[in-house]
Amino acid sequence: MRIGISCHPTVGGSGALAAELGKALGRRGHEVYIYYQTGRGIWKKEVLRCPHGEGLKVADLDGDGAPDIVIGGVWFRNGAGRWTQHTFAPDWAEPDTKVEVGDISGDGRPDIVLTPAELKGERYRISWFEAPAGEKTAAWKEHILVPQIECVIHSLGLGDFNRDGKLDLAYAKMHQGEPPNEVCAMLNLGGGQSWEKIVLSTAGSHDIVVADLDGDGDLDIVGANHAGVHPLEMWENLLISRP
């Protein structure tokens, strides 16, 4: 798999990153393409070898102000534009994942959430990985959220759905999976140690997006199944009572 990322020229220094996760998959190889904008219309390409699979996220994992890359159970540390690969999930064997980064534990450090995205009929787990307080290059503690689930979880999103200050998550099975193909919100009841599951649908969805779609101040979910004609569906957040 080849993945492209486009970056502002300051990615190797202390500036901000404008990252676009690449949408084109190459014919061969397991590579991440990073494009640095060095001038108007001028780009410099860098290629990183990466593990087989899909699923990528750009986030500052070590708090140094430089955006890092997460792909599967590994992450690439950005050291002023020089990349070093580290394994945070040595026991994670599913290559095709959806990846999200956010502070699940509430300790101020970005954690990582992984779901199994492929293939139909296979089974794996949903887990989040707790960022250690010190050096981030060793294994992170795994917290299993769902022990067994079909590998069709091609949707994952994070957000504080009930506005209690704790980061919640949402995931969905694709409609190709064995029923019920649940679209779920998981409310974080504290530190990522216990969760309340809310089933929003059993018809499945693909690549859901978490956003305040109706402008009322809370986060909703939108998505649609693929491979056929399917409606675009929105799940309006009614967890917060309004006057």
# chains A, B, ... in the order shown; residues from 1 in each chain; ligands from 1
>>> closest_atom_pairs(of="stretch 47-122 of chain A", to="stretch 146-167 of chain A", cutoff="7 Å", atoms="only C-alpha atoms", output="Markdown table")
| residue | atom | partner | partner_atom | distance |
| --- | --- | --- | --- | --- |
| A:Lys98 | CA | A:His154 | CA | 6.2 |
| A:Glu100 | CA | A:Gly157 | CA | 6.8 |
| A:Asp103 | CA | A:Leu167 | CA | 6.7 |
| A:Ile104 | CA | A:Leu167 | CA | 5.5 |
| A:Gly106 | CA | A:Lys166 | CA | 6.7 |
| A:Thr115 | CA | A:Ile153 | CA | 6.1 |
| A:Pro116 | CA | A:Cys151 | CA | 4.8 |
| A:Ala117 | CA | A:Ile153 | CA | 4.6 |
| A:Glu118 | CA | A:Cys151 | CA | 4.8 |
| A:Leu119 | CA | A:Cys151 | CA | 5.3 |
| A:Lys120 | CA | A:Val152 | CA | 5.9 |
| A:Gly121 | CA | A:Glu150 | CA | 6.2 |
| A:Glu122 | CA | A:Cys151 | CA | 5.4 |
>>> write_last_selection(atoms="all heavy atoms", output="compact mmCIF listing (two decimals), in the first residue's frame")
# COMPACT_ATOMS: atom_id res chain seq x y z
N LYS A 98 -8.97 1.07 11.31
CA LYS A 98 -9.29 2.48 11.40
C LYS A 98 -8.56 3.01 12.64
O LYS A 98 -8.52 2.34 13.67
CB LYS A 98 -10.80 2.71 11.53
CG LYS A 98 -11.57 2.26 10.32
CD LYS A 98 -11.23 3.08 9.08
CE LYS A 98 -11.83 4.48 9.13
NZ LYS A 98 -11.63 5.22 7.85
N GLU A 100 -7.81 6.36 15.30
CA GLU A 100 -8.11 7.69 15.83
C GLU A 100 -7.19 7.96 17.01
O GLU A 100 -6.74 7.04 17.70
CB GLU A 100 -9.57 7.81 16.28
CG GLU A 100 -10.56 7.96 15.15
CD GLU A 100 -10.46 9.29 14.41
OE1 GLU A 100 -9.82 10.22 14.97
OE2 GLU A 100 -10.99 9.40 13.30
N ASP A 103 -7.45 11.91 23.77
CA ASP A 103 -7.18 11.66 25.19
C ASP A 103 -8.33 10.88 25.81
O ASP A 103 -9.25 11.46 26.40
CB ASP A 103 -6.96 12.99 25.91
CG ASP A 103 -6.59 12.80 27.37
OD1 ASP A 103 -6.32 11.66 27.79
OD2 ASP A 103 -6.60 13.81 28.11
N ILE A 104 -8.30 9.57 25.69
CA ILE A 104 -9.35 8.71 26.24
C ILE A 104 -9.28 8.65 27.76
O ILE A 104 -10.30 8.68 28.46
CB ILE A 104 -9.23 7.28 25.66
CG1 ILE A 104 -9.39 7.29 24.14
CG2 ILE A 104 -10.27 6.36 26.31
CD1 ILE A 104 -10.75 7.69 23.65
N GLY A 106 -8.07 10.83 29.89
CA GLY A 106 -8.26 12.10 30.58
C GLY A 106 -7.05 12.62 31.31
O GLY A 106 -7.15 13.51 32.15
N THR A 115 -9.57 -0.11 15.37
CA THR A 115 -10.64 -1.07 15.08
C THR A 115 -10.23 -1.93 13.89
O THR A 115 -9.46 -1.48 13.03
CB THR A 115 -11.97 -0.37 14.73
OG1 THR A 115 -11.85 0.27 13.46
CG2 THR A 115 -12.35 0.65 15.78
N PRO A 116 -10.73 -3.16 13.78
CA PRO A 116 -10.43 -4.02 12.63
C PRO A 116 -11.35 -3.68 11.45
O PRO A 116 -12.56 -3.80 11.55
CB PRO A 116 -10.68 -5.42 13.16
CG PRO A 116 -11.76 -5.24 14.19
CD PRO A 116 -11.53 -3.87 14.80
N ALA A 117 -10.78 -3.28 10.32
CA ALA A 117 -11.56 -2.79 9.19
C ALA A 117 -11.86 -3.85 8.13
O ALA A 117 -12.81 -3.71 7.38
CB ALA A 117 -10.85 -1.60 8.55
N GLU A 118 -11.05 -4.85 8.01
CA GLU A 118 -11.18 -5.88 6.97
C GLU A 118 -10.74 -7.22 7.57
O GLU A 118 -9.87 -7.24 8.43
CB GLU A 118 -10.28 -5.56 5.76
CG GLU A 118 -10.49 -4.17 5.15
CD GLU A 118 -11.74 -4.05 4.29
OE1 GLU A 118 -12.42 -5.09 4.04
OE2 GLU A 118 -12.03 -2.93 3.86
N LEU A 119 -11.29 -8.33 7.13
CA LEU A 119 -12.21 -8.61 6.05
C LEU A 119 -13.47 -9.26 6.61
O LEU A 119 -13.47 -9.77 7.74
CB LEU A 119 -11.59 -9.57 5.04
CG LEU A 119 -10.44 -9.02 4.20
CD1 LEU A 119 -9.70 -10.17 3.53
CD2 LEU A 119 -10.95 -8.05 3.14
N LYS A 120 -14.52 -9.24 5.80
CA LYS A 120 -15.77 -9.88 6.18
C LYS A 120 -15.54 -11.33 6.58
O LYS A 120 -14.80 -12.08 5.94
CB LYS A 120 -16.74 -9.82 5.00
CG LYS A 120 -18.05 -10.53 5.23
CD LYS A 120 -18.93 -10.48 4.00
CE LYS A 120 -20.22 -11.26 4.21
NZ LYS A 120 -21.09 -11.23 3.02
N GLY A 121 -16.17 -11.74 7.68
CA GLY A 121 -16.08 -13.11 8.16
C GLY A 121 -14.96 -13.33 9.16
O GLY A 121 -15.01 -14.30 9.92
N GLU A 122 -13.95 -12.47 9.16
CA GLU A 122 -12.88 -12.57 10.16
C GLU A 122 -13.29 -11.83 11.43
O GLU A 122 -14.16 -10.97 11.41
CB GLU A 122 -11.59 -11.97 9.58
CG GLU A 122 -11.08 -12.70 8.36
CD GLU A 122 -9.82 -12.07 7.79
OE1 GLU A 122 -9.34 -11.06 8.35
OE2 GLU A 122 -9.32 -12.58 6.77
>>> residues_around(residues="A:Pro67", least_positions_apart="4", cutoff="7 Å", atoms="only C-alpha atoms", output="list in words")
Leu17, Val58, Ala59, Asp60 and Asn78 of chain A
>>> select_by_dssp(residues="stretch 13-194 of chain A", states="strand (DSSP E)", output="PDB file with N, CA and C atoms, in the first residue's frame")
ATOM      1  N   GLU A  20      -3.051  16.090   4.558  1.00  0.00           N
ATOM      2  CA  GLU A  20      -4.116  15.418   3.836  1.00  0.00           C
ATOM      3  C   GLU A  20      -3.748  13.965   3.717  1.00  0.00           C
ATOM      4  N   LEU A  21      -4.579  13.131   4.303  1.00  0.00           N
ATOM      5  CA  LEU A  21      -4.290  11.708   4.177  1.00  0.00           C
ATOM      6  C   LEU A  21      -4.508  11.309   2.731  1.00  0.00           C
ATOM      7  N   GLU A  31       4.233   1.776   1.481  1.00  0.00           N
ATOM      8  CA  GLU A  31       4.947   3.040   1.611  1.00  0.00           C
ATOM      9  C   GLU A  31       4.004   4.162   2.011  1.00  0.00           C
ATOM     10  N   VAL A  32       4.542   5.107   2.755  1.00  0.00           N
ATOM     11  CA  VAL A  32       3.879   6.370   3.040  1.00  0.00           C
ATOM     12  C   VAL A  32       4.612   7.447   2.248  1.00  0.00           C
ATOM     13  N   TYR A  33       3.884   8.207   1.485  1.00  0.00           N
ATOM     14  CA  TYR A  33       4.467   9.321   0.741  1.00  0.00           C
ATOM     15  C   TYR A  33       4.214  10.616   1.519  1.00  0.00           C
ATOM     16  N   ILE A  34       5.252  11.355   1.798  1.00  0.00           N
ATOM     17  CA  ILE A  34       5.140  12.650   2.470  1.00  0.00           C
ATOM     18  C   ILE A  34       5.614  13.719   1.497  1.00  0.00           C
ATOM     19  N   TYR A  35       4.780  14.730   1.288  1.00  0.00           N
ATOM     20  CA  TYR A  35       5.118  15.811   0.368  1.00  0.00           C
ATOM     21  C   TYR A  35       5.301  17.098   1.165  1.00  0.00           C
ATOM     22  N   TYR A  36       6.500  17.647   1.124  1.00  0.00           N
ATOM     23  CA  TYR A  36       6.804  18.913   1.779  1.00  0.00           C
ATOM     24  C   TYR A  36       6.705  20.035   0.753  1.00  0.00           C
ATOM     25  N   GLN A  37       5.922  21.043   1.076  1.00  0.00           N
ATOM     26  CA  GLN A  37       5.816  22.195   0.182  1.00  0.00           C
ATOM     27  C   GLN A  37       6.980  23.145   0.480  1.00  0.00           C
ATOM     28  N   THR A  38       7.928  23.192  -0.429  1.00  0.00           N
ATOM     29  CA  THR A  38       9.136  23.997  -0.228  1.00  0.00           C
ATOM     30  C   THR A  38       9.055  25.352  -0.910  1.00  0.00           C
ATOM     31  N   GLY A  39       8.025  25.575  -1.666  1.00  0.00           N
ATOM     32  CA  GLY A  39       7.817  26.844  -2.344  1.00  0.00           C
ATOM     33  C   GLY A  39       6.500  26.793  -3.079  1.00  0.00           C
ATOM     34  N   ILE A  42       6.030  24.024  -5.506  1.00  0.00           N
ATOM     35  CA  ILE A  42       7.226  23.178  -5.455  1.00  0.00           C
ATOM     36  C   ILE A  42       7.083  22.209  -4.284  1.00  0.00           C
ATOM     37  N   TRP A  43       7.257  20.920  -4.573  1.00  0.00           N
ATOM     38  CA  TRP A  43       7.072  19.897  -3.555  1.00  0.00           C
ATOM     39  C   TRP A  43       8.268  18.961  -3.522  1.00  0.00           C
ATOM     40  N   LYS A  44       8.611  18.546  -2.328  1.00  0.00           N
ATOM     41  CA  LYS A  44       9.673  17.558  -2.135  1.00  0.00           C
ATOM     42  C   LYS A  44       9.051  16.303  -1.553  1.00  0.00           C
ATOM     43  N   LYS A  45       9.307  15.161  -2.180  1.00  0.00           N
ATOM     44  CA  LYS A  45       8.699  13.907  -1.746  1.00  0.00           C
ATOM     45  C   LYS A  45       9.667  13.098  -0.892  1.00  0.00           C
ATOM     46  N   GLU A  46       9.121  12.519   0.196  1.00  0.00           N
ATOM     47  CA  GLU A  46       9.872  11.570   1.011  1.00  0.00           C
ATOM     48  C   GLU A  46       9.054  10.291   1.115  1.00  0.00           C
ATOM     49  N   VAL A  47       9.705   9.154   1.106  1.00  0.00           N
ATOM     50  CA  VAL A  47       9.029   7.862   1.156  1.00  0.00           C
ATOM     51  C   VAL A  47       9.449   7.113   2.415  1.00  0.00           C
ATOM     52  N   LEU A  48       8.450   6.676   3.201  1.00  0.00           N
ATOM     53  CA  LEU A  48       8.690   5.844   4.380  1.00  0.00           C
ATOM     54  C   LEU A  48       8.157   4.453   4.109  1.00  0.00           C
ATOM     55  N   ARG A  49       8.932   3.446   4.423  1.00  0.00           N
ATOM     56  CA  ARG A  49       8.431   2.084   4.388  1.00  0.00           C
ATOM     57  C   ARG A  49       7.535   1.854   5.601  1.00  0.00           C
ATOM     58  N   LEU A  56      -4.562   5.194   8.761  1.00  0.00           N
ATOM     59  CA  LEU A  56      -3.466   6.108   9.079  1.00  0.00           C
ATOM     60  C   LEU A  56      -4.022   7.348   9.750  1.00  0.00           C
ATOM     61  N   LYS A  57      -3.258   7.897  10.699  1.00  0.00           N
ATOM     62  CA  LYS A  57      -3.638   9.131  11.376  1.00  0.00           C
ATOM     63  C   LYS A  57      -2.400   9.973  11.617  1.00  0.00           C
ATOM     64  N   VAL A  58      -2.540  11.278  11.464  1.00  0.00           N
ATOM     65  CA  VAL A  58      -1.455  12.220  11.742  1.00  0.00           C
ATOM     66  C   VAL A  58      -1.793  12.964  13.030  1.00  0.00           C
ATOM     67  N   ALA A  59      -0.898  12.931  14.020  1.00  0.00           N
ATOM     68  CA  ALA A  59      -1.124  13.589  15.304  1.00  0.00           C
ATOM     69  C   ALA A  59       0.209  13.722  16.030  1.00  0.00           C
ATOM     70  N   ASP A  68       3.281  13.523  14.153  1.00  0.00           N
ATOM     71  CA  ASP A  68       3.764  12.169  13.941  1.00  0.00           C
ATOM     72  C   ASP A  68       2.743  11.403  13.096  1.00  0.00           C
ATOM     73  N   ILE A  69       3.058  10.168  12.748  1.00  0.00           N
ATOM     74  CA  ILE A  69       2.190   9.349  11.914  1.00  0.00           C
ATOM     75  C   ILE A  69       1.911   8.037  12.629  1.00  0.00           C
ATOM     76  N   VAL A  70       0.622   7.657  12.710  1.00  0.00           N
ATOM     77  CA  VAL A  70       0.221   6.369  13.264  1.00  0.00           C
ATOM     78  C   VAL A  70      -0.320   5.521  12.129  1.00  0.00           C
ATOM     79  N   ILE A  71       0.144   4.274  12.025  1.00  0.00           N
ATOM     80  CA  ILE A  71      -0.377   3.352  11.022  1.00  0.00           C
ATOM     81  C   ILE A  71      -0.363   1.946  11.611  1.00  0.00           C
ATOM     82  N   VAL A  74       1.979   0.689  14.774  1.00  0.00           N
ATOM     83  CA  VAL A  74       3.243   1.412  14.870  1.00  0.00           C
ATOM     84  C   VAL A  74       3.018   2.899  14.676  1.00  0.00           C
ATOM     85  N   TRP A  75       4.004   3.686  15.110  1.00  0.00           N
ATOM     86  CA  TRP A  75       3.967   5.118  14.824  1.00  0.00           C
ATOM     87  C   TRP A  75       5.355   5.585  14.420  1.00  0.00           C
ATOM     88  N   PHE A  76       5.371   6.635  13.625  1.00  0.00           N
ATOM     89  CA  PHE A  76       6.608   7.229  13.154  1.00  0.00           C
ATOM     90  C   PHE A  76       6.798   8.571  13.855  1.00  0.00           C
ATOM     91  N   ARG A  77       7.869   8.653  14.637  1.00  0.00           N
ATOM     92  CA  ARG A  77       8.190   9.913  15.316  1.00  0.00           C
ATOM     93  C   ARG A  77       8.839  10.873  14.337  1.00  0.00           C
ATOM     94  N   ASN A  78       8.351  12.094  14.360  1.00  0.00           N
ATOM     95  CA  ASN A  78       8.867  13.158  13.500  1.00  0.00           C
ATOM     96  C   ASN A  78       9.930  13.928  14.270  1.00  0.00           C
ATOM     97  N   GLY A  79      11.174  13.668  13.953  1.00  0.00           N
ATOM     98  CA  GLY A  79      12.276  14.386  14.580  1.00  0.00           C
ATOM     99  C   GLY A  79      12.834  15.415  13.631  1.00  0.00           C
ATOM    100  N   ARG A  82      12.901  14.017  10.309  1.00  0.00           N
ATOM    101  CA  ARG A  82      13.519  12.692  10.220  1.00  0.00           C
ATOM    102  C   ARG A  82      12.653  11.721  10.999  1.00  0.00           C
ATOM    103  N   TRP A  83      12.278  10.631  10.357  1.00  0.00           N
ATOM    104  CA  TRP A  83      11.244   9.755  10.886  1.00  0.00           C
ATOM    105  C   TRP A  83      11.834   8.480  11.472  1.00  0.00           C
ATOM    106  N   THR A  84      11.356   8.111  12.680  1.00  0.00           N
ATOM    107  CA  THR A  84      11.794   6.895  13.352  1.00  0.00           C
ATOM    108  C   THR A  84      10.581   6.057  13.699  1.00  0.00           C
ATOM    109  N   GLN A  85      10.585   4.785  13.321  1.00  0.00           N
ATOM    110  CA  GLN A  85       9.446   3.906  13.564  1.00  0.00           C
ATOM    111  C   GLN A  85       9.526   3.270  14.951  1.00  0.00           C
ATOM    112  N   HIS A  86       8.374   3.265  15.651  1.00  0.00           N
ATOM    113  CA  HIS A  86       8.261   2.638  16.960  1.00  0.00           C
ATOM    114  C   HIS A  86       6.978   1.811  17.007  1.00  0.00           C
ATOM    115  N   THR A  87       6.993   0.730  17.768  1.00  0.00           N
ATOM    116  CA  THR A  87       5.824  -0.133  17.914  1.00  0.00           C
ATOM    117  C   THR A  87       5.162   0.142  19.255  1.00  0.00           C
ATOM    118  N   THR A  97      -6.903  -1.382   9.611  1.00  0.00           N
ATOM    119  CA  THR A  97      -7.496  -0.748  10.789  1.00  0.00           C
ATOM    120  C   THR A  97      -8.078   0.617  10.445  1.00  0.00           C
ATOM    121  N   LYS A  98      -8.965   1.067  11.308  1.00  0.00           N
ATOM    122  CA  LYS A  98      -9.294   2.484  11.399  1.00  0.00           C
ATOM    123  C   LYS A  98      -8.564   3.006  12.638  1.00  0.00           C
ATOM    124  N   VAL A  99      -8.019   4.202  12.544  1.00  0.00           N
ATOM    125  CA  VAL A  99      -7.174   4.765  13.592  1.00  0.00           C
ATOM    126  C   VAL A  99      -7.720   6.127  14.011  1.00  0.00           C
ATOM    127  N   GLU A 100      -7.811   6.357  15.298  1.00  0.00           N
ATOM    128  CA  GLU A 100      -8.112   7.686  15.834  1.00  0.00           C
ATOM    129  C   GLU A 100      -7.189   7.965  17.012  1.00  0.00           C
ATOM    130  N   VAL A 101      -6.919   9.220  17.250  1.00  0.00           N
ATOM    131  CA  VAL A 101      -6.041   9.660  18.333  1.00  0.00           C
ATOM    132  C   VAL A 101      -6.781  10.690  19.184  1.00  0.00           C
ATOM    133  N   GLY A 102      -6.774  10.494  20.493  1.00  0.00           N
ATOM    134  CA  GLY A 102      -7.410  11.430  21.411  1.00  0.00           C
ATOM    135  C   GLY A 102      -7.163  11.010  22.847  1.00  0.00           C
ATOM    136  N   ASP A 111      -4.079   9.315  23.390  1.00  0.00           N
ATOM    137  CA  ASP A 111      -4.104   7.860  23.280  1.00  0.00           C
ATOM    138  C   ASP A 111      -4.483   7.476  21.848  1.00  0.00           C
ATOM    139  N   ILE A 112      -4.439   6.176  21.549  1.00  0.00           N
ATOM    140  CA  ILE A 112      -4.722   5.691  20.205  1.00  0.00           C
ATOM    141  C   ILE A 112      -5.827   4.640  20.274  1.00  0.00           C
ATOM    142  N   VAL A 113      -6.792   4.732  19.351  1.00  0.00           N
ATOM    143  CA  VAL A 113      -7.876   3.755  19.238  1.00  0.00           C
ATOM    144  C   VAL A 113      -7.736   3.034  17.904  1.00  0.00           C
ATOM    145  N   LEU A 114      -7.876   1.690  17.912  1.00  0.00           N
ATOM    146  CA  LEU A 114      -7.800   0.886  16.698  1.00  0.00           C
ATOM    147  C   LEU A 114      -9.029  -0.008  16.589  1.00  0.00           C
ATOM    148  N   THR A 115      -9.572  -0.111  15.371  1.00  0.00           N
ATOM    149  CA  THR A 115     -10.638  -1.066  15.082  1.00  0.00           C
ATOM    150  C   THR A 115     -10.230  -1.926  13.892  1.00  0.00           C
ATOM    151  N   PRO A 116     -10.733  -3.157  13.785  1.00  0.00           N
ATOM    152  CA  PRO A 116     -10.425  -4.016  12.628  1.00  0.00           C
ATOM    153  C   PRO A 116     -11.345  -3.676  11.454  1.00  0.00           C
ATOM    154  N   ARG A 123     -12.651 -12.166  12.535  1.00  0.00           N
ATOM    155  CA  ARG A 123     -13.005 -11.556  13.817  1.00  0.00           C
ATOM    156  C   ARG A 123     -11.743 -11.075  14.520  1.00  0.00           C
ATOM    157  N   TYR A 124     -11.885  -9.938  15.206  1.00  0.00           N
ATOM    158  CA  TYR A 124     -10.777  -9.386  15.984  1.00  0.00           C
ATOM    159  C   TYR A 124     -11.373  -8.532  17.095  1.00  0.00           C
ATOM    160  N   ARG A 125     -10.638  -7.571  17.599  1.00  0.00           N
ATOM    161  CA  ARG A 125     -11.088  -6.796  18.744  1.00  0.00           C
ATOM    162  C   ARG A 125     -10.973  -5.292  18.466  1.00  0.00           C
ATOM    163  N   ILE A 126     -11.649  -4.512  19.293  1.00  0.00           N
ATOM    164  CA  ILE A 126     -11.496  -3.053  19.310  1.00  0.00           C
ATOM    165  C   ILE A 126     -10.769  -2.694  20.595  1.00  0.00           C
ATOM    166  N   SER A 127      -9.705  -1.903  20.483  1.00  0.00           N
ATOM    167  CA  SER A 127      -8.900  -1.552  21.657  1.00  0.00           C
ATOM    168  C   SER A 127      -8.481  -0.091  21.599  1.00  0.00           C
ATOM    169  N   TRP A 128      -8.202   0.446  22.788  1.00  0.00           N
ATOM    170  CA  TRP A 128      -7.500   1.727  22.844  1.00  0.00           C
ATOM    171  C   TRP A 128      -6.212   1.523  23.632  1.00  0.00           C
ATOM    172  N   PHE A 129      -5.216   2.314  23.285  1.00  0.00           N
ATOM    173  CA  PHE A 129      -3.868   2.151  23.830  1.00  0.00           C
ATOM    174  C   PHE A 129      -3.481   3.423  24.574  1.00  0.00           C
ATOM    175  N   GLU A 130      -3.133   3.230  25.851  1.00  0.00           N
ATOM    176  CA  GLU A 130      -2.889   4.347  26.763  1.00  0.00           C
ATOM    177  C   GLU A 130      -1.454   4.851  26.634  1.00  0.00           C
ATOM    178  N   LYS A 141      -0.005   0.501  27.037  1.00  0.00           N
ATOM    179  CA  LYS A 141      -0.954  -0.409  27.672  1.00  0.00           C
ATOM    180  C   LYS A 141      -2.220  -0.509  26.840  1.00  0.00           C
ATOM    181  N   GLU A 142      -2.615  -1.746  26.528  1.00  0.00           N
ATOM    182  CA  GLU A 142      -3.822  -1.974  25.737  1.00  0.00           C
ATOM    183  C   GLU A 142      -5.029  -2.143  26.643  1.00  0.00           C
ATOM    184  N   HIS A 143      -6.122  -1.469  26.286  1.00  0.00           N
ATOM    185  CA  HIS A 143      -7.412  -1.629  26.951  1.00  0.00           C
ATOM    186  C   HIS A 143      -8.392  -2.161  25.904  1.00  0.00           C
ATOM    187  N   ILE A 144      -8.896  -3.371  26.103  1.00  0.00           N
ATOM    188  CA  ILE A 144      -9.796  -3.969  25.123  1.00  0.00           C
ATOM    189  C   ILE A 144     -11.213  -3.459  25.363  1.00  0.00           C
ATOM    190  N   LEU A 145     -11.762  -2.837  24.340  1.00  0.00           N
ATOM    191  CA  LEU A 145     -13.104  -2.264  24.426  1.00  0.00           C
ATOM    192  C   LEU A 145     -14.167  -3.286  24.009  1.00  0.00           C
ATOM    193  N   VAL A 146     -13.917  -3.966  22.898  1.00  0.00           N
ATOM    194  CA  VAL A 146     -14.810  -5.030  22.417  1.00  0.00           C
ATOM    195  C   VAL A 146     -13.929  -6.249  22.135  1.00  0.00           C
ATOM    196  N   PRO A 147     -14.075  -7.350  22.894  1.00  0.00           N
ATOM    197  CA  PRO A 147     -13.150  -8.480  22.762  1.00  0.00           C
ATOM    198  C   PRO A 147     -13.241  -9.209  21.422  1.00  0.00           C
ATOM    199  N   GLN A 148     -14.456  -9.352  20.878  1.00  0.00           N
ATOM    200  CA  GLN A 148     -14.660 -10.083  19.635  1.00  0.00           C
ATOM    201  C   GLN A 148     -15.676  -9.347  18.779  1.00  0.00           C
ATOM    202  N   ILE A 149     -15.285  -9.052  17.520  1.00  0.00           N
ATOM    203  CA  ILE A 149     -16.215  -8.399  16.605  1.00  0.00           C
ATOM    204  C   ILE A 149     -15.759  -8.701  15.185  1.00  0.00           C
ATOM    205  N   GLU A 150     -16.705  -8.751  14.256  1.00  0.00           N
ATOM    206  CA  GLU A 150     -16.358  -9.014  12.860  1.00  0.00           C
ATOM    207  C   GLU A 150     -15.507  -7.874  12.314  1.00  0.00           C
ATOM    208  N   SER A 155     -15.453   2.282  10.317  1.00  0.00           N
ATOM    209  CA  SER A 155     -15.895   3.582  10.819  1.00  0.00           C
ATOM    210  C   SER A 155     -15.420   3.753  12.244  1.00  0.00           C
ATOM    211  N   LEU A 156     -14.863   4.908  12.543  1.00  0.00           N
ATOM    212  CA  LEU A 156     -14.420   5.221  13.900  1.00  0.00           C
ATOM    213  C   LEU A 156     -14.338   6.728  14.043  1.00  0.00           C
ATOM    214  N   GLY A 157     -14.899   7.237  15.130  1.00  0.00           N
ATOM    215  CA  GLY A 157     -14.833   8.672  15.402  1.00  0.00           C
ATOM    216  C   GLY A 157     -14.785   8.936  16.887  1.00  0.00           C
ATOM    217  N   LEU A 158     -14.160  10.032  17.276  1.00  0.00           N
ATOM    218  CA  LEU A 158     -14.058  10.430  18.678  1.00  0.00           C
ATOM    219  C   LEU A 158     -14.736  11.773  18.885  1.00  0.00           C
ATOM    220  N   GLY A 159     -15.275  11.962  20.080  1.00  0.00           N
ATOM    221  CA  GLY A 159     -15.885  13.238  20.435  1.00  0.00           C
ATOM    222  C   GLY A 159     -16.589  13.129  21.768  1.00  0.00           C
ATOM    223  N   ASP A 168     -15.601  10.422  24.177  1.00  0.00           N
ATOM    224  CA  ASP A 168     -16.350   9.227  23.818  1.00  0.00           C
ATOM    225  C   ASP A 168     -15.923   8.773  22.417  1.00  0.00           C
ATOM    226  N   LEU A 169     -16.498   7.661  21.961  1.00  0.00           N
ATOM    227  CA  LEU A 169     -16.185   7.215  20.604  1.00  0.00           C
ATOM    228  C   LEU A 169     -17.425   6.623  19.949  1.00  0.00           C
ATOM    229  N   ALA A 170     -17.362   6.542  18.620  1.00  0.00           N
ATOM    230  CA  ALA A 170     -18.415   5.906  17.835  1.00  0.00           C
ATOM    231  C   ALA A 170     -17.762   4.990  16.818  1.00  0.00           C
ATOM    232  N   TYR A 171     -18.434   3.878  16.531  1.00  0.00           N
ATOM    233  CA  TYR A 171     -17.955   2.973  15.495  1.00  0.00           C
ATOM    234  C   TYR A 171     -19.161   2.357  14.799  1.00  0.00           C
ATOM    235  N   ALA A 172     -18.929   1.757  13.638  1.00  0.00           N
ATOM    236  CA  ALA A 172     -20.014   1.137  12.890  1.00  0.00           C
ATOM    237  C   ALA A 172     -19.493  -0.043  12.088  1.00  0.00           C
ATOM    238  N   VAL A 183     -24.429   0.487  14.396  1.00  0.00           N
ATOM    239  CA  VAL A 183     -23.790   1.802  14.496  1.00  0.00           C
ATOM    240  C   VAL A 183     -23.920   2.207  15.958  1.00  0.00           C
ATOM    241  N   CYS A 184     -22.800   2.432  16.631  1.00  0.00           N
ATOM    242  CA  CYS A 184     -22.811   2.596  18.087  1.00  0.00           C
ATOM    243  C   CYS A 184     -22.100   3.862  18.527  1.00  0.00           C
ATOM    244  N   ALA A 185     -22.635   4.470  19.571  1.00  0.00           N
ATOM    245  CA  ALA A 185     -21.905   5.474  20.349  1.00  0.00           C
ATOM    246  C   ALA A 185     -21.517   4.821  21.665  1.00  0.00           C
ATOM    247  N   MET A 186     -20.270   5.010  22.070  1.00  0.00           N
ATOM    248  CA  MET A 186     -19.772   4.460  23.326  1.00  0.00           C
ATOM    249  C   MET A 186     -19.418   5.620  24.242  1.00  0.00           C
ATOM    250  N   LEU A 187     -20.168   5.768  25.325  1.00  0.00           N
ATOM    251  CA  LEU A 187     -19.931   6.858  26.258  1.00  0.00           C
ATOM    252  C   LEU A 187     -18.877   6.457  27.278  1.00  0.00           C
ATOM    253  N   ASN A 188     -17.859   7.275  27.404  1.00  0.00           N
ATOM    254  CA  ASN A 188     -16.757   7.054  28.330  1.00  0.00           C
ATOM    255  C   ASN A 188     -17.202   7.470  29.728  1.00  0.00           C
TER     256      ASN A 188
END
>>> select_by_dssp(residues="stretch 2-201 of chain A", states="helix (DSSP H, G or I)", output="ChimeraX atom specification")
/A:9-12
>>> residues_around(residues="stretch 219-230 of chain A", least_positions_apart="2", cutoff="8 Å", atoms="only C-alpha atoms", output="VMD selection string")
chain A and resid 159 to 161 174 to 175 204 to 214 217 232 to 237
>>> closest_residue(among="A:Pro179, A:Gly73, A:Gly41, A:Gly191", to="A:Pro95", atoms="only C-alpha atoms")
A:Gly73
>>> atom_distance(atom1="atom CA of A:Glu135", atom2="atom CA of A:Gly192")
21.1 Å
